[in-house]
>>> print(open('work30.cif').read())   # mmCIF, N, CA and C atoms
data_my_file
loop_
_atom_site.label_atom_id
_atom_site.label_comp_id
_atom_site.auth_asym_id
_atom_site.auth_seq_id
_atom_site.Cartn_x
_atom_site.Cartn_y
_atom_site.Cartn_z
N MET N 2 8.91 -11.25 73.53
CA MET N 2 9.80 -10.36 72.81
C MET N 2 9.38 -10.23 71.34
N TRP N 3 8.96 -11.30 70.74
CA TRP N 3 8.57 -11.24 69.34
C TRP N 3 7.30 -10.41 69.15
N ILE N 4 6.49 -10.30 70.18
CA ILE N 4 5.27 -9.48 70.09
C ILE N 4 5.65 -8.00 69.98
N ILE N 5 6.64 -7.59 70.73
CA ILE N 5 7.09 -6.20 70.66
C ILE N 5 7.64 -5.91 69.26
N GLY N 6 8.39 -6.85 68.71
CA GLY N 6 8.92 -6.69 67.35
C GLY N 6 7.81 -6.58 66.31
N LEU N 7 6.78 -7.39 66.48
CA LEU N 7 5.65 -7.35 65.55
C LEU N 7 4.90 -6.03 65.65
N VAL N 8 4.67 -5.55 66.86
CA VAL N 8 3.98 -4.28 67.07
C VAL N 8 4.82 -3.13 66.49
N LEU N 9 6.13 -3.18 66.72
CA LEU N 9 7.02 -2.16 66.18
C LEU N 9 7.02 -2.18 64.64
N LEU N 10 7.02 -3.36 64.07
CA LEU N 10 6.98 -3.49 62.60
C LEU N 10 5.68 -2.90 62.05
N LEU N 11 4.56 -3.22 62.67
CA LEU N 11 3.28 -2.67 62.22
C LEU N 11 3.23 -1.16 62.38
N ALA N 12 3.80 -0.66 63.47
CA ALA N 12 3.82 0.79 63.69
C ALA N 12 4.66 1.49 62.64
N LEU N 13 5.72 0.87 62.17
CA LEU N 13 6.56 1.47 61.14
C LEU N 13 5.96 1.32 59.75
N LEU N 14 5.17 0.30 59.54
CA LEU N 14 4.57 0.09 58.23
C LEU N 14 3.44 1.08 57.93
N ILE N 15 2.78 1.60 58.96
CA ILE N 15 1.67 2.53 58.75
C ILE N 15 2.14 3.80 58.03
N PRO N 16 3.20 4.49 58.46
CA PRO N 16 3.64 5.68 57.70
C PRO N 16 4.16 5.33 56.31
N VAL N 17 4.83 4.18 56.20
CA VAL N 17 5.35 3.77 54.89
C VAL N 17 4.19 3.54 53.94
N LEU N 18 3.14 2.90 54.41
CA LEU N 18 1.97 2.67 53.57
C LEU N 18 1.32 3.99 53.17
N GLY N 19 1.25 4.95 54.09
CA GLY N 19 0.69 6.26 53.77
C GLY N 19 1.51 6.98 52.72
N ILE N 20 2.82 6.89 52.79
CA ILE N 20 3.70 7.53 51.80
C ILE N 20 3.51 6.88 50.43
N ILE N 21 3.41 5.57 50.41
CA ILE N 21 3.25 4.86 49.13
C ILE N 21 1.89 5.20 48.49
N ILE N 22 0.85 5.25 49.30
CA ILE N 22 -0.48 5.54 48.76
C ILE N 22 -0.55 6.97 48.23
N ASP N 23 0.14 7.90 48.87
CA ASP N 23 0.10 9.30 48.46
C ASP N 23 1.06 9.61 47.31
N SER N 24 1.88 8.66 46.93
CA SER N 24 2.85 8.88 45.86
C SER N 24 2.17 8.79 44.49
N PRO N 25 2.83 9.26 43.42
CA PRO N 25 2.25 9.15 42.08
C PRO N 25 1.99 7.70 41.67
N ILE N 26 2.83 6.80 42.13
CA ILE N 26 2.62 5.38 41.80
C ILE N 26 1.33 4.88 42.46
N GLY N 27 1.12 5.27 43.72
CA GLY N 27 -0.10 4.87 44.41
C GLY N 27 -1.34 5.45 43.75
N ARG N 28 -1.25 6.70 43.30
CA ARG N 28 -2.40 7.32 42.62
C ARG N 28 -2.69 6.63 41.28
N ALA N 29 -1.62 6.30 40.56
CA ALA N 29 -1.80 5.61 39.29
C ALA N 29 -2.43 4.24 39.50
N LEU N 30 -1.99 3.55 40.54
CA LEU N 30 -2.58 2.24 40.85
C LEU N 30 -4.05 2.38 41.23
N ALA N 31 -4.38 3.42 41.98
CA ALA N 31 -5.79 3.65 42.35
C ALA N 31 -6.64 3.94 41.13
N ARG N 32 -6.12 4.76 40.19
CA ARG N 32 -6.88 5.04 38.97
C ARG N 32 -7.07 3.79 38.14
N ARG N 33 -6.08 2.93 38.13
CA ARG N 33 -6.19 1.69 37.36
C ARG N 33 -7.22 0.77 37.99
N LEU N 34 -7.28 0.74 39.31
CA LEU N 34 -8.26 -0.11 39.98
C LEU N 34 -9.68 0.41 39.81
N GLU N 35 -9.84 1.73 39.63
CA GLU N 35 -11.17 2.30 39.43
C GLU N 35 -11.76 1.89 38.08
N GLY N 36 -10.93 1.61 37.11
CA GLY N 36 -11.42 1.22 35.80
C GLY N 36 -11.44 2.41 34.86
N PRO N 37 -11.77 2.16 33.61
CA PRO N 37 -11.80 3.26 32.63
C PRO N 37 -12.95 4.21 32.91
N GLU N 38 -12.71 5.47 32.58
CA GLU N 38 -13.76 6.47 32.75
C GLU N 38 -14.82 6.26 31.67
N PRO N 39 -16.09 6.47 32.02
CA PRO N 39 -17.13 6.31 31.01
C PRO N 39 -17.00 7.38 29.93
N VAL N 40 -17.19 6.97 28.71
CA VAL N 40 -17.06 7.89 27.58
C VAL N 40 -18.46 8.41 27.23
N THR N 41 -18.58 9.72 27.15
CA THR N 41 -19.87 10.30 26.80
C THR N 41 -20.13 10.09 25.30
N PRO N 42 -21.39 10.04 24.90
CA PRO N 42 -21.69 9.85 23.48
C PRO N 42 -21.11 10.96 22.60
N ALA N 43 -21.12 12.20 23.11
CA ALA N 43 -20.59 13.31 22.31
C ALA N 43 -19.09 13.13 22.08
N LEU N 44 -18.38 12.67 23.11
CA LEU N 44 -16.95 12.46 22.97
C LEU N 44 -16.66 11.29 22.03
N ALA N 45 -17.47 10.25 22.10
CA ALA N 45 -17.30 9.11 21.20
C ALA N 45 -17.54 9.52 19.75
N GLU N 46 -18.56 10.35 19.53
CA GLU N 46 -18.85 10.83 18.18
C GLU N 46 -17.72 11.72 17.66
N LEU N 47 -17.19 12.57 18.52
CA LEU N 47 -16.08 13.42 18.14
C LEU N 47 -14.84 12.60 17.79
N ALA N 48 -14.57 11.56 18.57
CA ALA N 48 -13.43 10.69 18.29
C ALA N 48 -13.61 9.99 16.95
N LYS N 49 -14.83 9.59 16.65
CA LYS N 49 -15.11 8.93 15.37
C LYS N 49 -14.87 9.90 14.20
N LYS N 50 -15.31 11.16 14.38
CA LYS N 50 -15.12 12.16 13.32
C LYS N 50 -13.64 12.46 13.12
N VAL N 51 -12.89 12.55 14.21
CA VAL N 51 -11.45 12.81 14.11
C VAL N 51 -10.76 11.65 13.39
N GLU N 52 -11.14 10.44 13.70
CA GLU N 52 -10.55 9.27 13.04
C GLU N 52 -10.87 9.29 11.54
N LEU N 53 -12.10 9.65 11.19
CA LEU N 53 -12.49 9.74 9.79
C LEU N 53 -11.69 10.83 9.07
N LEU N 54 -11.53 11.98 9.71
CA LEU N 54 -10.74 13.07 9.11
C LEU N 54 -9.28 12.66 8.93
N GLU N 55 -8.74 11.95 9.92
CA GLU N 55 -7.34 11.50 9.80
C GLU N 55 -7.18 10.55 8.62
N SER N 56 -8.14 9.66 8.42
CA SER N 56 -8.04 8.74 7.29
C SER N 56 -8.17 9.49 5.96
N GLU N 57 -9.02 10.51 5.92
CA GLU N 57 -9.15 11.32 4.70
C GLU N 57 -7.87 12.09 4.41
N VAL N 58 -7.25 12.62 5.45
CA VAL N 58 -5.98 13.34 5.27
C VAL N 58 -4.91 12.38 4.76
N ASP N 59 -4.87 11.17 5.28
CA ASP N 59 -3.90 10.18 4.81
C ASP N 59 -4.13 9.87 3.33
N ASP N 60 -5.40 9.70 2.94
CA ASP N 60 -5.72 9.42 1.53
C ASP N 60 -5.29 10.59 0.64
N LEU N 61 -5.60 11.80 1.07
CA LEU N 61 -5.23 12.98 0.28
C LEU N 61 -3.71 13.13 0.18
N THR N 62 -2.99 12.81 1.25
CA THR N 62 -1.53 12.88 1.23
C THR N 62 -0.97 11.89 0.21
N ARG N 63 -1.52 10.68 0.21
CA ARG N 63 -1.06 9.68 -0.77
C ARG N 63 -1.36 10.15 -2.20
N ASN N 64 -2.54 10.74 -2.42
CA ASN N 64 -2.88 11.23 -3.76
C ASN N 64 -1.96 12.37 -4.20
N VAL N 65 -1.66 13.28 -3.29
CA VAL N 65 -0.76 14.39 -3.63
C VAL N 65 0.63 13.86 -3.95
N ASP N 66 1.11 12.90 -3.18
CA ASP N 66 2.43 12.31 -3.46
C ASP N 66 2.45 11.63 -4.83
N SER N 67 1.37 10.93 -5.16
CA SER N 67 1.28 10.28 -6.46
C SER N 67 1.28 11.32 -7.59
N LEU N 68 0.54 12.41 -7.40
CA LEU N 68 0.51 13.46 -8.42
C LEU N 68 1.89 14.12 -8.57
N ARG N 69 2.61 14.29 -7.48
CA ARG N 69 3.96 14.85 -7.56
C ARG N 69 4.88 13.94 -8.37
N GLU N 70 4.79 12.64 -8.10
CA GLU N 70 5.62 11.70 -8.86
C GLU N 70 5.26 11.73 -10.34
N ASP N 71 3.98 11.75 -10.65
CA ASP N 71 3.54 11.80 -12.04
C ASP N 71 4.03 13.09 -12.72
N ASN N 72 3.93 14.19 -12.00
CA ASN N 72 4.36 15.47 -12.54
C ASN N 72 5.87 15.47 -12.78
N ALA N 73 6.63 14.94 -11.84
CA ALA N 73 8.09 14.88 -12.01
C ALA N 73 8.45 14.00 -13.20
N PHE N 74 7.75 12.88 -13.35
CA PHE N 74 8.03 11.98 -14.48
C PHE N 74 7.72 12.67 -15.81
N LEU N 75 6.57 13.32 -15.89
CA LEU N 75 6.21 13.99 -17.14
C LEU N 75 7.16 15.14 -17.45
N THR N 76 7.60 15.87 -16.43
CA THR N 76 8.54 16.96 -16.64
C THR N 76 9.86 16.43 -17.18
N ARG N 77 10.36 15.34 -16.59
CA ARG N 77 11.60 14.73 -17.10
C ARG N 77 11.42 14.22 -18.52
N LEU N 78 10.26 13.64 -18.79
CA LEU N 78 10.00 13.09 -20.12
C LEU N 78 10.00 14.20 -21.17
N ILE N 79 9.40 15.31 -20.84
CA ILE N 79 9.35 16.43 -21.78
C ILE N 79 10.72 17.05 -21.96
N GLU N 80 11.46 17.22 -20.88
CA GLU N 80 12.78 17.86 -20.96
C GLU N 80 13.81 16.98 -21.66
N ASP N 81 13.72 15.67 -21.49
CA ASP N 81 14.71 14.77 -22.04
C ASP N 81 14.35 14.20 -23.41
N ALA N 82 13.27 14.67 -23.99
CA ALA N 82 12.84 14.14 -25.29
C ALA N 82 13.86 14.52 -26.36
N PRO N 83 14.44 13.51 -27.07
CA PRO N 83 15.41 13.82 -28.12
C PRO N 83 14.69 14.40 -29.34
N GLY N 84 15.25 15.44 -29.92
CA GLY N 84 14.71 16.04 -31.15
C GLY N 84 13.29 16.51 -30.96
N ARG N 85 13.05 17.33 -29.97
CA ARG N 85 11.69 17.79 -29.74
C ARG N 85 11.20 18.59 -30.94
N ARG N 86 9.99 18.30 -31.32
CA ARG N 86 9.36 19.04 -32.42
C ARG N 86 8.09 19.66 -31.86
N PRO N 87 7.69 20.77 -32.42
CA PRO N 87 6.44 21.37 -31.96
C PRO N 87 5.26 20.48 -32.30
N LEU N 88 4.25 20.58 -31.54
CA LEU N 88 3.05 19.80 -31.76
C LEU N 88 2.36 20.25 -33.05
N PRO N 89 1.74 19.31 -33.76
CA PRO N 89 1.01 19.72 -34.98
C PRO N 89 -0.24 20.49 -34.57
N PRO N 90 -0.71 21.34 -35.47
CA PRO N 90 -1.91 22.10 -35.15
C PRO N 90 -3.10 21.17 -34.98
N ALA N 91 -4.03 21.59 -34.19
CA ALA N 91 -5.21 20.77 -33.91
C ALA N 91 -6.07 20.67 -35.15
N ALA N 92 -6.71 19.54 -35.32
CA ALA N 92 -7.58 19.34 -36.47
C ALA N 92 -8.83 20.20 -36.31
N GLY N 93 -9.19 20.87 -37.34
CA GLY N 93 -10.39 21.70 -37.31
C GLY N 93 -10.07 23.16 -37.08
N SER N 94 -8.79 23.53 -36.92
CA SER N 94 -8.42 24.93 -36.71
C SER N 94 -7.95 25.55 -38.00
#
>>> encode(input="work30.cif", output="structure tokens")
Amino acid sequence: MWIIGLVLLLALLIPVLGIIIDSPIGRALARRLEGPEPVTPALAELAKKVELLESEVDDLTRNVDSLREDNAFLTRLIEDAPGRRPLPPAAGS
């Protein structure tokens, strides 16, 4: 009797296994078992250039923010100066 149960269990597991393998989870597991895709040299070089450009953009953003702060400070300093007087004429004019 237990042999019939075992055969029946195996017969039911075959479609279940097929459904699991064909599911998105099964496909993701298969891709993971295959390993990472090889990266072509052109793609690696492009990724390096993009990373370099991103770092340059970050540096430029920090510089622009610093210049904005400096400009705001100087504007406040000029506007809030007590008893503003005109600048003296330049020497040699």
>>> atom_distance(input="work30.cif", atom1="atom N of N:Leu44", atom2="atom N of N:Leu30")
25.6 Å
>>> atom_distance(input="work30.cif", atom1="atom CA of N:Asn64", atom2="atom CA of N:Lys50")
21.0 Å
>>> select_by_dssp(input="work30.cif", residues="chain N", states="alpha helix (DSSP H)", output="PyMOL selection string")
chain N and resi 3-23+25-35+42-80
>>> atom_distance(input="work30.cif", atom1="atom N of N:Pro37", atom2="atom N of N:Lys49")
18.8 Å
>>> axis_aligned_box(input="work30.cif", around="stretch 30-38 of chain N", padding_each_side="4 Å", output="lines of an AutoDock Vina configuration file")
center_x = -8.4
center_y = 3.2
center_z = 37.0
size_x = 20.8
size_y = 14.6
size_z = 18.7
